[in-house]
Amino acid sequence: MADRKPIESWLTDMDGVLIHEGVPIPGADAFIKKLRDSGKPFLVLTNNSIYTPRDLHARLNRMGLEVPIENIWTSALATAQFLGDQRPSGSAYVIGEAGLTTALHDIGYILTDHDPDYVVLGETRTYSFEAMTKAVRLINAGARFICTNPDETGPSTEGPLPATGAVAALITKATGKQPYFAGKPNPLMMRTGLNAIGAHSESSAMIGDRMDTDVLAGIEAGMQTFLVLTGLTRPEQIENFPYRPSKVVDSIADLVDRI
């Protein structure tokens with residue numbers, strides 16, 4: 001990668017890179033502090049659409065990680081920006097939490113179950129059969145199907161939980177309609193994030209713990225990529241993919257001196 005431009009901005013995944021099951025990963029605080037002290041543009045990204053950036057700021061702050069609200073980018077924000085560009089002042093039937101509904105309200109969307117332009121599926125811990133049935137009927141009636149992210153499972157202290165991608169598969173099976181996924185690995189999420197901080201892909205890097213979302217999205221967005229081994233992808237799994245990160249490191253602590 002000697003011909004690449006020096007890294008001037010950083011994007012990093014949150015779960016599995018900075019925190020794990022609600023606990024900071026060693027080195028995460030030093031990494032964030034050095035980023036802030038350097039003045040370089042950066043974003044903390046998450047495919048989880050449950051929380052608003054304000055919620056995540058408070059959550060990270062309680063863990064000792066000082067991440068400003070404007071440096072947090074979620075799949076809900078990426079989804080809202082995409083819909084705002086595609087169909088300004090539109091309408092949507094939403095299955096999701098405050099992170100998603102707030103993002104859509106902020107772009108002027110009307111949330112309704114009456115002839116919406118879109119059905120938007122996001123993360124929630126209370127998926128209801130009634131809501132999924134409503135989504136199926138609205139999609140069959142012509143609403144376009146959008147999903148914040150394709151993650152099929154999410155982490156919890158008790159083990160994996162069914163996530164947005166799994167529920168999307170249920171709705172697809174019932175309707176025959178595939179959703180458009182706005183979050184990782186769609187490079188749209190990375191490019192809109194880079195635009196939000198005025199950064200360029202050729203001088204930016206993406207740090208993640210998953211080959212199939214973080215690294216793939218970074219590569220497709222034209223960034224350097226760093227895989228940390230503190231999350232889902234294990235070292236022996238890397239060769240299973242037809243692409244590789246720019247560099248593999250043990251943890252975020254190994255990247256502090258790269259800033």
# chains A, B, ... in the order shown; residues from 1 in each chain; ligands from 1
>>> closest_atom_pairs(of="region 159-236 of chain A", to="region 121-133 of chain A", cutoff="9 Å", atoms="only C-alpha atoms", output="JSON lines")
{"residue": "A:Leu161", "atom": "CA", "partner": "A:Arg125", "partner_atom": "CA", "distance": 9.0}
{"residue": "A:Ala163", "atom": "CA", "partner": "A:Glu123", "partner_atom": "CA", "distance": 6.5}
{"residue": "A:Thr164", "atom": "CA", "partner": "A:Glu123", "partner_atom": "CA", "distance": 5.4}
{"residue": "A:Val167", "atom": "CA", "partner": "A:Tyr127", "partner_atom": "CA", "distance": 8.4}
{"residue": "A:Ala168", "atom": "CA", "partner": "A:Leu121", "partner_atom": "CA", "distance": 7.3}
{"residue": "A:Leu170", "atom": "CA", "partner": "A:Met132", "partner_atom": "CA", "distance": 8.7}
{"residue": "A:Ile171", "atom": "CA", "partner": "A:Met132", "partner_atom": "CA", "distance": 7.1}
{"residue": "A:Pro179", "atom": "CA", "partner": "A:Leu121", "partner_atom": "CA", "distance": 9.0}
>>> select_by_dssp(residues="region 62-222 of chain A", states="helix (DSSP H, G or I)", output="number ranges by chain")
A: 62, 69-71, 75-86, 98-106, 129-140, 164-175, 187-196, 201-203, 211-220
>>> closest_residue(among="A:Thr79, A:Leu194, A:Ser89, A:Asn47", to="Pro150 (chain A)", atoms="only C-alpha atoms")
A:Asn47
>>> residues_around(residues="region 209-217 of chain A", least_positions_apart="6", cutoff="8 Å", atoms="only C-alpha atoms", output="PyMOL selection string")
chain A and resi 13+16-17+184-187+190+225-233+238+241+243-245
>>> atom_distance(atom1="CA of Ala182 (chain A)", atom2="CA of Thr74 (chain A)")
10.2 Å
>>> decode(residues="region 114-153 of chain A", atoms="N, CA and C atoms", output="JSON list (two decimals), in the first residue's frame")
[["chain", "number", "residue", "atom", "x", "y", "z"],
["A", 114, "HIS", "N", -50.63, 4.50, 6.06],
["A", 114, "HIS", "CA", -51.59, 4.72, 4.98],
["A", 114, "HIS", "C", -50.87, 5.05, 3.67],
["A", 115, "ASP", "N", -50.82, 4.09, 2.78],
["A", 115, "ASP", "CA", -50.23, 4.25, 1.46],
["A", 115, "ASP", "C", -48.84, 4.92, 1.51],
["A", 116, "PRO", "N", -47.88, 4.38, 2.28],
["A", 116, "PRO", "CA", -46.56, 5.01, 2.37],
["A", 116, "PRO", "C", -45.74, 4.78, 1.11],
["A", 117, "ASP", "N", -44.79, 5.68, 0.88],
["A", 117, "ASP", "CA", -43.85, 5.48, -0.23],
["A", 117, "ASP", "C", -42.94, 4.28, 0.04],
["A", 118, "TYR", "N", -42.56, 4.11, 1.31],
["A", 118, "TYR", "CA", -41.62, 3.06, 1.68],
["A", 118, "TYR", "C", -42.08, 2.31, 2.92],
["A", 119, "VAL", "N", -41.69, 1.05, 3.00],
["A", 119, "VAL", "CA", -41.64, 0.32, 4.26],
["A", 119, "VAL", "C", -40.18, 0.27, 4.66],
["A", 120, "VAL", "N", -39.87, 0.80, 5.84],
["A", 120, "VAL", "CA", -38.48, 0.86, 6.30],
["A", 120, "VAL", "C", -38.32, -0.04, 7.52],
["A", 121, "LEU", "N", -37.48, -1.04, 7.39],
["A", 121, "LEU", "CA", -37.24, -1.99, 8.47],
["A", 121, "LEU", "C", -35.91, -1.71, 9.13],
["A", 122, "GLY", "N", -35.93, -1.54, 10.45],
["A", 122, "GLY", "CA", -34.71, -1.33, 11.21],
["A", 122, "GLY", "C", -34.64, -2.28, 12.38],
["A", 123, "GLU", "N", -33.67, -2.05, 13.24],
["A", 123, "GLU", "CA", -33.44, -2.90, 14.40],
["A", 123, "GLU", "C", -34.44, -2.56, 15.51],
["A", 124, "THR", "N", -34.95, -3.58, 16.17],
["A", 124, "THR", "CA", -35.77, -3.40, 17.35],
["A", 124, "THR", "C", -35.72, -4.68, 18.16],
["A", 125, "ARG", "N", -35.95, -4.56, 19.45],
["A", 125, "ARG", "CA", -35.98, -5.75, 20.31],
["A", 125, "ARG", "C", -37.40, -6.25, 20.49],
["A", 126, "THR", "N", -38.37, -5.61, 19.81],
["A", 126, "THR", "CA", -39.77, -5.99, 19.98],
["A", 126, "THR", "C", -40.46, -6.15, 18.62],
["A", 127, "TYR", "N", -39.88, -6.97, 17.73],
["A", 127, "TYR", "CA", -40.54, -7.25, 16.46],
["A", 127, "TYR", "C", -41.89, -7.90, 16.76],
["A", 128, "SER", "N", -42.95, -7.35, 16.17],
["A", 128, "SER", "CA", -44.27, -7.91, 16.41],
["A", 128, "SER", "C", -44.82, -8.53, 15.13],
["A", 129, "PHE", "N", -45.60, -9.60, 15.31],
["A", 129, "PHE", "CA", -46.22, -10.26, 14.17],
["A", 129, "PHE", "C", -47.17, -9.30, 13.46],
["A", 130, "GLU", "N", -47.86, -8.46, 14.24],
["A", 130, "GLU", "CA", -48.78, -7.49, 13.66],
["A", 130, "GLU", "C", -48.06, -6.49, 12.76],
["A", 131, "ALA", "N", -46.91, -5.99, 13.23],
["A", 131, "ALA", "CA", -46.15, -5.03, 12.43],
["A", 131, "ALA", "C", -45.60, -5.67, 11.16],
["A", 132, "MET", "N", -45.10, -6.89, 11.27],
["A", 132, "MET", "CA", -44.57, -7.57, 10.08],
["A", 132, "MET", "C", -45.68, -7.87, 9.08],
["A", 133, "THR", "N", -46.86, -8.24, 9.57],
["A", 133, "THR", "CA", -48.00, -8.47, 8.68],
["A", 133, "THR", "C", -48.37, -7.19, 7.94],
["A", 134, "LYS", "N", -48.40, -6.08, 8.67],
["A", 134, "LYS", "CA", -48.69, -4.78, 8.05],
["A", 134, "LYS", "C", -47.65, -4.46, 6.97],
["A", 135, "ALA", "N", -46.37, -4.70, 7.28],
["A", 135, "ALA", "CA", -45.30, -4.44, 6.31],
["A", 135, "ALA", "C", -45.50, -5.27, 5.04],
["A", 136, "VAL", "N", -45.81, -6.54, 5.21],
["A", 136, "VAL", "CA", -46.03, -7.43, 4.06],
["A", 136, "VAL", "C", -47.16, -6.90, 3.18],
["A", 137, "ARG", "N", -48.25, -6.49, 3.80],
["A", 137, "ARG", "CA", -49.41, -6.03, 3.02],
["A", 137, "ARG", "C", -49.13, -4.71, 2.31],
["A", 138, "LEU", "N", -48.39, -3.82, 2.98],
["A", 138, "LEU", "CA", -48.05, -2.54, 2.35],
["A", 138, "LEU", "C", -47.09, -2.74, 1.17],
["A", 139, "ILE", "N", -46.12, -3.63, 1.32],
["A", 139, "ILE", "CA", -45.19, -3.91, 0.22],
["A", 139, "ILE", "C", -45.94, -4.55, -0.96],
["A", 140, "ASN", "N", -46.84, -5.48, -0.64],
["A", 140, "ASN", "CA", -47.65, -6.09, -1.71],
["A", 140, "ASN", "C", -48.53, -5.06, -2.41],
["A", 141, "ALA", "N", -48.86, -3.99, -1.69],
["A", 141, "ALA", "CA", -49.71, -2.93, -2.27],
["A", 141, "ALA", "C", -48.90, -1.89, -3.03],
["A", 142, "GLY", "N", -47.57, -2.02, -3.02],
["A", 142, "GLY", "CA", -46.75, -1.12, -3.83],
["A", 142, "GLY", "C", -45.70, -0.32, -3.10],
["A", 143, "ALA", "N", -45.64, -0.37, -1.77],
["A", 143, "ALA", "CA", -44.60, 0.35, -1.04],
["A", 143, "ALA", "C", -43.23, -0.27, -1.34],
["A", 144, "ARG", "N", -42.22, 0.57, -1.43],
["A", 144, "ARG", "CA", -40.87, 0.10, -1.71],
["A", 144, "ARG", "C", -40.23, -0.35, -0.40],
["A", 145, "PHE", "N", -39.44, -1.44, -0.46],
["A", 145, "PHE", "CA", -38.91, -2.08, 0.74],
["A", 145, "PHE", "C", -37.46, -1.65, 0.97],
["A", 146, "ILE", "N", -37.22, -0.99, 2.11],
["A", 146, "ILE", "CA", -35.90, -0.51, 2.50],
["A", 146, "ILE", "C", -35.53, -1.12, 3.85],
["A", 147, "CYS", "N", -34.27, -1.50, 4.00],
["A", 147, "CYS", "CA", -33.81, -2.07, 5.27],
["A", 147, "CYS", "C", -32.52, -1.37, 5.68],
["A", 148, "THR", "N", -32.40, -1.06, 6.98],
["A", 148, "THR", "CA", -31.23, -0.32, 7.43],
["A", 148, "THR", "C", -29.93, -1.10, 7.27],
["A", 149, "ASN", "N", -29.98, -2.41, 7.47],
["A", 149, "ASN", "CA", -28.75, -3.21, 7.38],
["A", 149, "ASN", "C", -29.09, -4.68, 7.20],
["A", 150, "PRO", "N", -28.13, -5.47, 6.68],
["A", 150, "PRO", "CA", -28.41, -6.88, 6.42],
["A", 150, "PRO", "C", -27.97, -7.84, 7.52],
["A", 151, "ASP", "N", -27.52, -7.33, 8.67],
["A", 151, "ASP", "CA", -27.03, -8.21, 9.74],
["A", 151, "ASP", "C", -28.14, -9.17, 10.17],
["A", 152, "GLU", "N", -27.85, -10.45, 10.09],
["A", 152, "GLU", "CA", -28.86, -11.46, 10.42],
["A", 152, "GLU", "C", -28.96, -11.74, 11.91],
["A", 153, "THR", "N", -27.86, -11.51, 12.62],
["A", 153, "THR", "CA", -27.86, -11.68, 14.07],
["A", 153, "THR", "C", -27.14, -10.51, 14.72]]
